[in-house]
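Raw upload.cif, mmCIF, C-alpha atoms and all ligand atoms:
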data_query
#
loop_
_atom_site.group_PDB
_atom_site.id
_atom_site.type_symbol
_atom_site.label_atom_id
_atom_site.label_comp_id
_atom_site.auth_asym_id
_atom_site.auth_seq_id
_atom_site.Cartn_x
_atom_site.Cartn_y
_atom_site.Cartn_z
ATOM 1 C CA MET A 1 -2.595 7.204 -15.437
ATOM 2 C CA GLU A 2 -0.624 4.584 -17.242
ATOM 3 C CA ILE A 3 -2.591 1.314 -17.403
ATOM 4 C CA VAL A 4 -0.679 -1.892 -18.139
ATOM 5 C CA ILE A 5 -2.567 -5.170 -18.593
ATOM 6 C CA LEU A 6 -0.398 -8.225 -18.081
ATOM 7 C CA GLY A 7 -0.817 -11.996 -18.252
ATOM 8 C CA GLY A 8 -0.697 -12.649 -14.509
ATOM 9 C CA SER A 9 0.619 -11.754 -11.095
ATOM 10 C CA ARG A 10 4.157 -12.969 -11.824
ATOM 11 C CA GLN A 11 4.546 -10.540 -14.703
ATOM 12 C CA ILE A 12 2.985 -7.807 -12.575
ATOM 13 C CA GLY A 13 5.471 -8.561 -9.811
ATOM 14 C CA LYS A 14 8.355 -8.344 -12.256
ATOM 15 C CA LEU A 15 7.251 -5.045 -13.786
ATOM 16 C CA ALA A 16 6.689 -3.406 -10.394
ATOM 17 C CA ALA A 17 10.043 -4.788 -9.210
ATOM 18 C CA ASP A 18 11.686 -3.313 -12.342
ATOM 19 C CA ALA A 19 10.430 0.138 -11.329
ATOM 20 C CA ILE A 20 11.713 -0.322 -7.776
ATOM 21 C CA GLU A 21 15.047 -1.724 -8.941
ATOM 22 C CA GLN A 22 15.594 1.203 -11.332
ATOM 23 C CA LEU A 23 14.786 3.614 -8.523
ATOM 24 C CA ILE A 24 17.167 1.952 -6.038
ATOM 25 C CA ARG A 25 19.985 1.858 -8.603
ATOM 26 C CA ARG A 26 19.486 5.524 -9.465
ATOM 27 C CA LYS A 27 18.904 6.609 -5.866
ATOM 28 C CA PRO A 28 20.271 4.089 -3.339
ATOM 29 C CA ASP A 29 18.743 6.003 -0.406
ATOM 30 C CA ALA A 30 15.263 5.899 -1.964
ATOM 31 C CA VAL A 31 12.166 6.020 0.222
ATOM 32 C CA LEU A 32 9.720 3.212 -0.545
ATOM 33 C CA GLY A 33 6.038 3.243 0.380
ATOM 34 C CA LEU A 34 4.867 -0.270 1.232
ATOM 35 C CA ALA A 35 1.405 -1.780 0.976
ATOM 36 C CA THR A 36 0.008 -4.911 2.579
ATOM 37 C CA GLY A 37 -2.711 -7.286 1.368
ATOM 38 C CA SER A 38 -2.215 -10.086 -1.159
ATOM 39 C CA SER A 39 -1.710 -7.936 -4.269
ATOM 40 C CA PRO A 40 1.866 -6.740 -3.556
ATOM 41 C CA LEU A 41 3.157 -10.188 -2.525
ATOM 42 C CA PRO A 42 4.479 -11.117 -6.007
ATOM 43 C CA VAL A 43 6.346 -7.789 -6.018
ATOM 44 C CA TYR A 44 7.990 -8.613 -2.688
ATOM 45 C CA ASP A 45 8.838 -12.145 -3.872
ATOM 46 C CA GLU A 46 10.500 -10.701 -6.953
ATOM 47 C CA LEU A 47 12.429 -8.094 -4.948
ATOM 48 C CA ALA A 48 13.615 -10.768 -2.505
ATOM 49 C CA ALA A 49 14.875 -12.806 -5.489
ATOM 50 C CA ARG A 50 16.643 -9.754 -6.919
ATOM 51 C CA HIS A 51 18.232 -9.076 -3.534
ATOM 52 C CA GLU A 52 19.637 -12.629 -3.685
ATOM 53 C CA GLN A 53 21.162 -11.562 -7.009
ATOM 54 C CA GLY A 54 22.754 -8.520 -5.360
ATOM 55 C CA LEU A 55 20.149 -5.733 -5.375
ATOM 56 C CA ASP A 56 21.165 -3.625 -2.386
ATOM 57 C CA PHE A 57 18.584 -2.028 -0.081
ATOM 58 C CA SER A 58 21.072 -1.057 2.649
ATOM 59 C CA ARG A 59 20.563 2.686 2.203
ATOM 60 C CA ALA A 60 16.842 2.585 1.418
ATOM 61 C CA SER A 61 14.048 3.313 3.853
ATOM 62 C CA ALA A 62 10.398 2.363 3.901
ATOM 63 C CA PHE A 63 7.077 3.626 5.230
ATOM 64 C CA ALA A 64 3.998 1.424 5.547
ATOM 65 C CA LEU A 65 0.685 2.799 4.355
ATOM 66 C CA ASP A 66 -1.467 1.800 7.265
ATOM 67 C CA GLU A 67 -1.920 -0.210 10.457
ATOM 68 C CA TYR A 68 -4.679 -1.752 12.530
ATOM 69 C CA VAL A 69 -5.428 -0.067 15.823
ATOM 70 C CA GLY A 70 -5.087 -2.250 18.905
ATOM 71 C CA LEU A 71 -3.071 -5.208 17.654
ATOM 72 C CA PRO A 72 -0.161 -5.602 20.067
ATOM 73 C CA ALA A 73 3.455 -5.494 18.857
ATOM 74 C CA GLY A 74 4.370 -8.810 17.292
ATOM 75 C CA HIS A 75 0.755 -9.753 16.430
ATOM 76 C CA PRO A 76 1.190 -11.735 13.185
ATOM 77 C CA GLU A 77 -1.481 -9.699 11.370
ATOM 78 C CA SER A 78 -0.291 -6.274 12.476
ATOM 79 C CA TYR A 79 0.906 -4.602 9.296
ATOM 80 C CA ARG A 80 4.254 -3.840 10.890
ATOM 81 C CA GLU A 81 4.734 -7.597 11.239
ATOM 82 C CA VAL A 82 3.321 -8.397 7.777
ATOM 83 C CA VAL A 83 5.651 -5.872 6.121
ATOM 84 C CA ARG A 84 8.601 -7.392 7.984
ATOM 85 C CA ARG A 85 7.664 -10.972 7.172
ATOM 86 C CA GLU A 86 6.721 -10.447 3.537
ATOM 87 C CA PHE A 87 9.401 -7.992 2.512
ATOM 88 C CA THR A 88 11.833 -6.171 4.744
ATOM 89 C CA ASN A 89 13.225 -9.269 6.527
ATOM 90 C CA ARG A 90 13.940 -10.773 3.100
ATOM 91 C CA VAL A 91 16.170 -7.929 1.904
ATOM 92 C CA ASN A 92 18.954 -5.936 3.556
ATOM 93 C CA ILE A 93 16.972 -2.812 4.404
ATOM 94 C CA LYS A 94 17.949 -1.723 7.928
ATOM 95 C CA PRO A 95 15.180 -2.449 10.481
ATOM 96 C CA GLU A 96 15.551 1.069 11.920
ATOM 97 C CA ASN A 97 14.730 2.455 8.465
ATOM 98 C CA VAL A 98 11.382 0.641 8.279
ATOM 99 C CA HIS A 99 8.491 2.680 9.652
ATOM 100 C CA GLY A 100 4.786 2.163 10.194
ATOM 101 C CA PRO A 101 1.975 4.003 11.947
ATOM 102 C CA ASP A 102 1.762 3.107 15.657
ATOM 103 C CA GLY A 103 -1.531 1.299 16.144
ATOM 104 C CA MET A 104 -0.948 1.082 19.898
ATOM 105 C CA ALA A 105 -0.234 4.784 20.465
ATOM 106 C CA ALA A 106 -1.794 6.308 23.588
ATOM 107 C CA ASP A 107 -2.104 9.637 21.761
ATOM 108 C CA VAL A 108 -3.247 8.708 18.258
ATOM 109 C CA PRO A 109 -3.429 12.235 16.747
ATOM 110 C CA ALA A 110 0.127 12.938 17.957
ATOM 111 C CA ALA A 111 1.332 9.633 16.531
ATOM 112 C CA CYS A 112 -0.306 10.447 13.168
ATOM 113 C CA GLU A 113 1.283 13.895 13.098
ATOM 114 C CA GLY A 114 4.646 12.340 14.019
ATOM 115 C CA TYR A 115 4.293 9.855 11.162
ATOM 116 C CA GLU A 116 3.668 12.621 8.647
ATOM 117 C CA GLN A 117 6.718 14.471 9.964
ATOM 118 C CA ALA A 118 8.863 11.347 9.677
ATOM 119 C CA ILE A 119 7.864 10.925 6.008
ATOM 120 C CA THR A 120 8.679 14.568 5.328
ATOM 121 C CA ALA A 121 11.995 14.360 7.207
ATOM 122 C CA ALA A 122 12.964 11.352 5.088
ATOM 123 C CA GLY A 123 12.447 13.480 1.978
ATOM 124 C CA GLY A 124 9.035 12.120 0.981
ATOM 125 C CA VAL A 125 8.103 8.815 -0.633
ATOM 126 C CA ASP A 126 9.779 8.130 -3.994
ATOM 127 C CA LEU A 127 7.659 5.150 -4.990
ATOM 128 C CA GLN A 128 4.421 4.137 -3.311
ATOM 129 C CA LEU A 129 3.180 0.623 -3.925
ATOM 130 C CA LEU A 130 -0.595 0.273 -3.616
ATOM 131 C CA GLY A 131 -3.325 -2.316 -3.789
ATOM 132 C CA VAL A 132 -6.999 -1.404 -4.048
ATOM 133 C CA GLY A 133 -9.927 -2.585 -1.939
ATOM 134 C CA THR A 134 -13.089 -3.978 -3.553
ATOM 135 C CA ASP A 135 -14.777 -0.704 -2.500
ATOM 136 C CA GLY A 136 -12.056 1.382 -4.176
ATOM 137 C CA HIS A 137 -10.112 2.155 -0.996
ATOM 138 C CA ILE A 138 -6.357 2.753 -1.031
ATOM 139 C CA GLY A 139 -4.434 2.374 2.182
ATOM 140 C CA PHE A 140 -7.431 2.255 4.495
ATOM 141 C CA ASN A 141 -9.055 5.369 3.044
ATOM 142 C CA GLU A 142 -12.601 4.133 2.798
ATOM 143 C CA PRO A 143 -15.241 5.678 0.481
ATOM 144 C CA GLY A 144 -15.953 9.249 1.524
ATOM 145 C CA SER A 145 -12.370 9.944 2.619
ATOM 146 C CA SER A 146 -11.276 13.502 1.979
ATOM 147 C CA PHE A 147 -8.854 14.078 -0.866
ATOM 148 C CA ALA A 148 -7.075 16.477 1.513
ATOM 149 C CA SER A 149 -6.655 13.827 4.228
ATOM 150 C CA ARG A 150 -3.379 13.106 5.974
ATOM 151 C CA THR A 151 -2.454 10.245 8.308
ATOM 152 C CA ARG A 152 -5.323 9.726 10.747
ATOM 153 C CA ILE A 153 -7.546 7.179 12.443
ATOM 154 C CA LYS A 154 -10.410 5.687 10.402
ATOM 155 C CA SER A 155 -13.160 3.109 10.928
ATOM 156 C CA LEU A 156 -13.411 0.209 8.525
ATOM 157 C CA ILE A 157 -16.641 -0.501 6.685
ATOM 158 C CA GLU A 158 -18.064 -4.015 7.035
ATOM 159 C CA GLN A 159 -17.134 -5.004 3.476
ATOM 160 C CA THR A 160 -13.451 -4.303 4.170
ATOM 161 C CA ARG A 161 -13.568 -6.150 7.494
ATOM 162 C CA ARG A 162 -15.116 -9.134 5.731
ATOM 163 C CA ASP A 163 -12.555 -8.949 2.893
ATOM 164 C CA ASN A 164 -9.724 -8.966 5.436
ATOM 165 C CA ALA A 165 -11.244 -11.603 7.753
ATOM 166 C CA ARG A 166 -9.386 -14.303 5.815
ATOM 167 C CA PHE A 167 -6.198 -13.222 7.580
ATOM 168 C CA PHE A 168 -7.747 -13.685 11.040
ATOM 169 C CA ASP A 169 -9.377 -16.654 12.835
ATOM 170 C CA SER A 170 -12.781 -14.978 12.700
ATOM 171 C CA LEU A 171 -14.489 -11.784 11.549
ATOM 172 C CA ALA A 172 -14.847 -10.733 15.196
ATOM 173 C CA GLU A 173 -11.057 -10.491 15.478
ATOM 174 C CA VAL A 174 -10.698 -7.975 12.624
ATOM 175 C CA PRO A 175 -10.163 -4.571 14.236
ATOM 176 C CA HIS A 176 -12.728 -1.845 13.582
ATOM 177 C CA HIS A 177 -10.192 0.965 13.590
ATOM 178 C CA VAL A 178 -7.028 1.652 11.650
ATOM 179 C CA ILE A 179 -4.444 4.368 11.143
ATOM 180 C CA THR A 180 -3.836 5.146 7.496
ATOM 181 C CA GLN A 181 -1.866 7.597 5.433
ATOM 182 C CA GLY A 182 -4.379 10.007 3.951
ATOM 183 C CA LEU A 183 -5.160 10.477 0.295
ATOM 184 C CA ALA A 184 -3.093 13.674 0.223
ATOM 185 C CA THR A 185 -0.195 11.791 1.838
ATOM 186 C CA ILE A 186 -0.392 9.112 -0.859
ATOM 187 C CA MET A 187 -0.720 11.723 -3.616
ATOM 188 C CA ALA A 188 2.535 13.347 -2.453
ATOM 189 C CA ALA A 189 4.529 10.241 -3.431
ATOM 190 C CA ARG A 190 6.576 10.905 -6.581
ATOM 191 C CA HIS A 191 5.504 7.718 -8.324
ATOM 192 C CA VAL A 192 2.534 5.534 -7.434
ATOM 193 C CA VAL A 193 2.364 1.920 -8.617
ATOM 194 C CA LEU A 194 -1.001 0.254 -8.014
ATOM 195 C CA VAL A 195 -1.346 -3.494 -8.443
ATOM 196 C CA ALA A 196 -4.712 -5.275 -8.828
ATOM 197 C CA THR A 197 -5.482 -8.852 -9.793
ATOM 198 C CA GLY A 198 -8.595 -11.001 -10.033
ATOM 199 C CA ALA A 199 -12.204 -10.518 -11.114
ATOM 200 C CA GLN A 200 -13.231 -9.362 -7.629
ATOM 201 C CA LYS A 201 -11.312 -6.118 -8.325
ATOM 202 C CA ALA A 202 -12.814 -5.488 -11.791
ATOM 203 C CA GLN A 203 -15.568 -3.118 -10.659
ATOM 204 C CA ALA A 204 -13.288 -1.089 -8.370
ATOM 205 C CA VAL A 205 -10.726 -0.829 -11.195
ATOM 206 C CA ARG A 206 -13.361 0.343 -13.644
ATOM 207 C CA ASP A 207 -14.668 2.886 -11.133
ATOM 208 C CA PHE A 208 -11.315 4.443 -10.328
ATOM 209 C CA VAL A 209 -9.855 4.343 -13.833
ATOM 210 C CA GLU A 210 -12.888 5.312 -15.921
ATOM 211 C CA GLY A 211 -15.350 6.739 -13.433
ATOM 212 C CA PRO A 212 -15.555 10.284 -12.132
ATOM 213 C CA VAL A 213 -12.999 11.492 -9.608
ATOM 214 C CA ALA A 214 -15.127 11.310 -6.492
ATOM 215 C CA ALA A 215 -14.650 10.659 -2.793
ATOM 216 C CA ILE A 216 -17.018 7.683 -3.052
ATOM 217 C CA CYS A 217 -14.172 5.947 -4.919
ATOM 218 C CA PRO A 218 -10.969 6.986 -3.108
ATOM 219 C CA ALA A 219 -8.577 5.457 -5.677
ATOM 220 C CA SER A 220 -10.066 7.739 -8.354
ATOM 221 C CA VAL A 221 -7.927 10.561 -6.916
ATOM 222 C CA LEU A 222 -5.005 8.865 -8.690
ATOM 223 C CA GLN A 223 -6.407 10.253 -11.968
ATOM 224 C CA PHE A 224 -4.879 13.527 -10.763
ATOM 225 C CA HIS A 225 -1.477 12.020 -9.971
ATOM 226 C CA PRO A 226 1.293 13.126 -12.354
ATOM 227 C CA HIS A 227 2.960 9.688 -12.342
ATOM 228 C CA ALA A 228 0.610 6.805 -11.574
ATOM 229 C CA THR A 229 1.132 3.340 -13.003
ATOM 230 C CA VAL A 230 -1.653 0.738 -12.727
ATOM 231 C CA LEU A 231 -0.669 -2.892 -13.254
ATOM 232 C CA LEU A 232 -3.593 -5.259 -13.880
ATOM 233 C CA ASP A 233 -4.174 -8.840 -14.867
ATOM 234 C CA GLU A 234 -6.851 -9.543 -17.458
ATOM 235 C CA ALA A 235 -9.500 -10.391 -14.866
ATOM 236 C CA ALA A 236 -8.995 -7.124 -12.949
ATOM 237 C CA ALA A 237 -9.099 -5.246 -16.282
ATOM 238 C CA SER A 238 -12.173 -7.112 -17.550
ATOM 239 C CA ALA A 239 -14.679 -4.301 -16.865
ATOM 240 C CA LEU A 240 -12.608 -1.580 -18.570
HETATM 241 C C1 LIG F 301 -6.225 -3.812 2.831
HETATM 242 C C2 LIG F 301 -5.062 -2.827 2.800
HETATM 243 C C3 LIG F 301 -4.930 -2.176 1.452
HETATM 244 C C4 LIG F 301 -5.003 -3.223 0.361
HETATM 245 C C5 LIG F 301 -6.342 -3.924 0.419
HETATM 246 C C6 LIG F 301 -6.533 -4.929 -0.697
HETATM 247 O O1 LIG F 301 -7.422 -3.211 3.086
HETATM 248 N N1 LIG F 301 -5.177 -1.818 3.790
HETATM 249 O O2 LIG F 301 -3.712 -1.467 1.401
HETATM 250 O O3 LIG F 301 -4.836 -2.610 -0.890
HETATM 251 O O4 LIG F 301 -6.382 -4.588 1.662
HETATM 252 O O5 LIG F 301 -5.942 -6.148 -0.336
HETATM 253 P P1 LIG F 301 -5.686 -7.358 -1.298
HETATM 254 O O6 LIG F 301 -4.521 -6.987 -2.124
HETATM 255 O O7 LIG F 301 -5.393 -8.500 -0.383
HETATM 256 O O8 LIG F 301 -6.920 -7.557 -2.082
#

What would you get if you wrote out this structure as structure tokens?
Ligand code: GLP
Amino acid sequence: MEIVILGGSRQIGKLAADAIEQLIRRKPDAVLGLATGSSPLPVYDELAARHEQGLDFSRASAFALDEYVGLPAGHPESYREVVRREFTNRVNIKPENVHGPDGMAADVPAACEGYEQAITAAGGVDLQLLGVGTDGHIGFNEPGSSFASRTRIKSLIEQTRRDNARFFDSLAEVPHHVITQGLATIMAARHVVLVATGAQKAQAVRDFVEGPVAAICPASVLQFHPHATVLLDEAAASAL
């Protein structure tokens, strides 16, 4: 793992955007893996600014990491909507090339299998952007997730529901179930760029960077990734 400690989220956004820009220039039809949450927002802001300067996403495609189960299409906090609002609507990626797990699927296992097939058919993810949960989750792979896992339904632990309640009117509205790419799905991406900021992430960062590789800390699997870049501010790096 390559660990880079930077002065703040703007610099983190710029460095992550540099990696994405280099990829898109080298491979215009690149496949991007998109994360939600607050951490990637400076990356999306920077990419939107670079698009204004001419960075072209017209041949790129994108796959979201995860989705809540049961939020109807168009719900402002469904990750499909968040990804659109925060990133894909701000650049010229074609809407039909932006994919996410279907949280309203009648047949969830079939939808998960279909999502895996769509990623494979697109040629696999070139660069996966990630945040990390305070419990060390990536995507919505909560502690105990199998390192061999693929896209599937998961339940959220209370800590994650509470962490994400700020996006909803109340904790009661945060769904209990999600569909997430598995840890093996994430590990298949060619380059993984994880972004973490703030003191509330310091323990999770220490655990996954310096702790043992263990299912109790899902992000620790990235220690086995051949090309993982971790971008931190000083607060998130403070327990290293
Ligand atoms: C959610 C998402 C994760 C994200 C995490 C951290 O649980 N499923 O992909 O990494 O939140 O979010 P934040 O960056 O807002 O702290």

For the file shown, what are the residues hit by the PyMOL selection byres (((not hetatm)) within 10 of (chain F and resi 301)), laid out as a PDB file with C-alpha atoms, in the frame of the given file?
ATOM      1  CA  LEU A  34       4.867  -0.270   1.232  1.00  0.00           C
ATOM      2  CA  ALA A  35       1.405  -1.780   0.976  1.00  0.00           C
ATOM      3  CA  THR A  36       0.008  -4.911   2.579  1.00  0.00           C
ATOM      4  CA  GLY A  37      -2.711  -7.286   1.368  1.00  0.00           C
ATOM      5  CA  SER A  38      -2.215 -10.086  -1.159  1.00  0.00           C
ATOM      6  CA  SER A  39      -1.710  -7.936  -4.269  1.00  0.00           C
ATOM      7  CA  PRO A  40       1.866  -6.740  -3.556  1.00  0.00           C
ATOM      8  CA  LEU A  41       3.157 -10.188  -2.525  1.00  0.00           C
ATOM      9  CA  ALA A  64       3.998   1.424   5.547  1.00  0.00           C
ATOM     10  CA  LEU A  65       0.685   2.799   4.355  1.00  0.00           C
ATOM     11  CA  ASP A  66      -1.467   1.800   7.265  1.00  0.00           C
ATOM     12  CA  GLU A  67      -1.920  -0.210  10.457  1.00  0.00           C
ATOM     13  CA  TYR A  68      -4.679  -1.752  12.530  1.00  0.00           C
ATOM     14  CA  TYR A  79       0.906  -4.602   9.296  1.00  0.00           C
ATOM     15  CA  LEU A 129       3.180   0.623  -3.925  1.00  0.00           C
ATOM     16  CA  LEU A 130      -0.595   0.273  -3.616  1.00  0.00           C
ATOM     17  CA  GLY A 131      -3.325  -2.316  -3.789  1.00  0.00           C
ATOM     18  CA  VAL A 132      -6.999  -1.404  -4.048  1.00  0.00           C
ATOM     19  CA  GLY A 133      -9.927  -2.585  -1.939  1.00  0.00           C
ATOM     20  CA  THR A 134     -13.089  -3.978  -3.553  1.00  0.00           C
ATOM     21  CA  ASP A 135     -14.777  -0.704  -2.500  1.00  0.00           C
ATOM     22  CA  GLY A 136     -12.056   1.382  -4.176  1.00  0.00           C
ATOM     23  CA  HIS A 137     -10.112   2.155  -0.996  1.00  0.00           C
ATOM     24  CA  ILE A 138      -6.357   2.753  -1.031  1.00  0.00           C
ATOM     25  CA  GLY A 139      -4.434   2.374   2.182  1.00  0.00           C
ATOM     26  CA  PHE A 140      -7.431   2.255   4.495  1.00  0.00           C
ATOM     27  CA  ASN A 141      -9.055   5.369   3.044  1.00  0.00           C
ATOM     28  CA  GLU A 142     -12.601   4.133   2.798  1.00  0.00           C
ATOM     29  CA  LEU A 156     -13.411   0.209   8.525  1.00  0.00           C
ATOM     30  CA  GLN A 159     -17.134  -5.004   3.476  1.00  0.00           C
ATOM     31  CA  THR A 160     -13.451  -4.303   4.170  1.00  0.00           C
ATOM     32  CA  ARG A 161     -13.568  -6.150   7.494  1.00  0.00           C
ATOM     33  CA  ASP A 163     -12.555  -8.949   2.893  1.00  0.00           C
ATOM     34  CA  ASN A 164      -9.724  -8.966   5.436  1.00  0.00           C
ATOM     35  CA  ARG A 166      -9.386 -14.303   5.815  1.00  0.00           C
ATOM     36  CA  PHE A 167      -6.198 -13.222   7.580  1.00  0.00           C
ATOM     37  CA  VAL A 178      -7.028   1.652  11.650  1.00  0.00           C
ATOM     38  CA  ILE A 179      -4.444   4.368  11.143  1.00  0.00           C
ATOM     39  CA  THR A 180      -3.836   5.146   7.496  1.00  0.00           C
ATOM     40  CA  LEU A 194      -1.001   0.254  -8.014  1.00  0.00           C
ATOM     41  CA  VAL A 195      -1.346  -3.494  -8.443  1.00  0.00           C
ATOM     42  CA  ALA A 196      -4.712  -5.275  -8.828  1.00  0.00           C
ATOM     43  CA  THR A 197      -5.482  -8.852  -9.793  1.00  0.00           C
ATOM     44  CA  GLY A 198      -8.595 -11.001 -10.033  1.00  0.00           C
ATOM     45  CA  GLN A 200     -13.231  -9.362  -7.629  1.00  0.00           C
ATOM     46  CA  LYS A 201     -11.312  -6.118  -8.325  1.00  0.00           C
TER      47      LYS A 201
END

So what do you get for atom CA of A:His99 versus atom CA of A:Ser61, distance-wise?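 One can read the atom CA of A:His99 to atom CA of A:Ser61 distance as 8.1 Å.
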
Grab the atom CA of A:Asp102 to atom CA of A:Pro42 distance for me, in Å with one decimal place.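 Atom-to-atom, atom CA of A:Asp102 to atom CA of A:Pro42, that is 26.1 Å.
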
Pick out the residues sitting within 8 Å of A:Cys112, and hand them over as an MDAnalysis selection string; count all atoms listed in the file, and ignore anything fewer than 6 positions along from it in its own chain. chainID A and resid 101 151:153 179

Residue nearest A:His225 - candidates A:Ile12, A:Leu127, A:Val174, A:Met1, atoms counted: all atoms listed in the file: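 Checking each of A:Ile12, A:Leu127, A:Val174, A:Met1 against A:His225, counting all atoms listed in the file, the winner is A:Met1.
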
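Here atom CA of A:Arg190 stands at a distance of 23.6 Å from atom CA of A:Arg206.
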
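Among the candidates A:Phe63, A:Phe87, A:Phe147, A:Phe57, the one nearest to A:Gly182 when counting only C-alpha atoms is A:Phe147.
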
Skip A:Ile119 itself and residues of its chain fewer than 4 positions away, then list as a PyMOL selection string all residues within 10 Å of it, counting all atoms listed in the file. chain A and resi 31+33+62-63+99+114-115+123-125+185

So which residues get picked by the PyMOL selection byres (((chain A and resi 220) around 10) and not hetatm) here, written as a list in words?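 Applying the expression gives Gly136, His137, Ile138, Phe147, Ala204, Val205, Arg206, Asp207, Phe208, Val209, Glu210, Gly211, Pro212, Val213, Ala214, Ala215, Ile216, Cys217, Pro218, Ala219, Val221, Leu222, Gln223, Phe224 and His225 of chain A.
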
Considering only C-alpha atoms, return as a PyMOL selection string whatever protein or nucleic-acid residues lie within 12 Å of A:Asp18, sequence-local ones (same chain, fewer than 4 positions apart) excluded. chain A and resi 11-14+22-25+43-44+46-47+50+55+127+193

Top pick for closest residue to A:Glu173, considering A:Ile93, A:Leu6, A:Ala48, A:Val69 and counting all atoms listed in the file: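 Closest to A:Glu173, using all atoms listed in the file: A:Val69.
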
Could you tell me, as a ChimeraX atom specification, exactly which residues end up selected when the PyMOL selection byres (((chain A and resi 238) around 9) and not hetatm) is applied to this structure? /A:199,202-203,206,233-237,239-240

If you keep C-alpha atoms, can you produce a file of those selected residues as a compact mmCIF listing (two decimals), in the coordinates of the input?
# COMPACT_ATOMS: atom_id res chain seq x y z
CA ALA A 199 -12.20 -10.52 -11.11
CA ALA A 202 -12.81 -5.49 -11.79
CA GLN A 203 -15.57 -3.12 -10.66
CA ARG A 206 -13.36 0.34 -13.64
CA ASP A 233 -4.17 -8.84 -14.87
CA GLU A 234 -6.85 -9.54 -17.46
CA ALA A 235 -9.50 -10.39 -14.87
CA ALA A 236 -8.99 -7.12 -12.95
CA ALA A 237 -9.10 -5.25 -16.28
CA ALA A 239 -14.68 -4.30 -16.86
CA LEU A 240 -12.61 -1.58 -18.57

Shortest interatomic distance to A:Asp29 - which of A:Ala122, A:Ala110, A:Ala165, A:Leu183, counting only C-alpha atoms: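 Ranking A:Ala122, A:Ala110, A:Ala165, A:Leu183 by distance to A:Asp29, first place goes to A:Ala122.
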
Counting all atoms listed in the file, the residue among A:Gly54, A:Gly70, A:Pro95, A:Pro143 that lies closest to A:His177 is A:Gly70

What lies within 8 Å of A:Asp56 using all atoms listed in the file, ignoring chain neighbours under 6 positions off, as number ranges by chain? A: 24, 28, 91-92
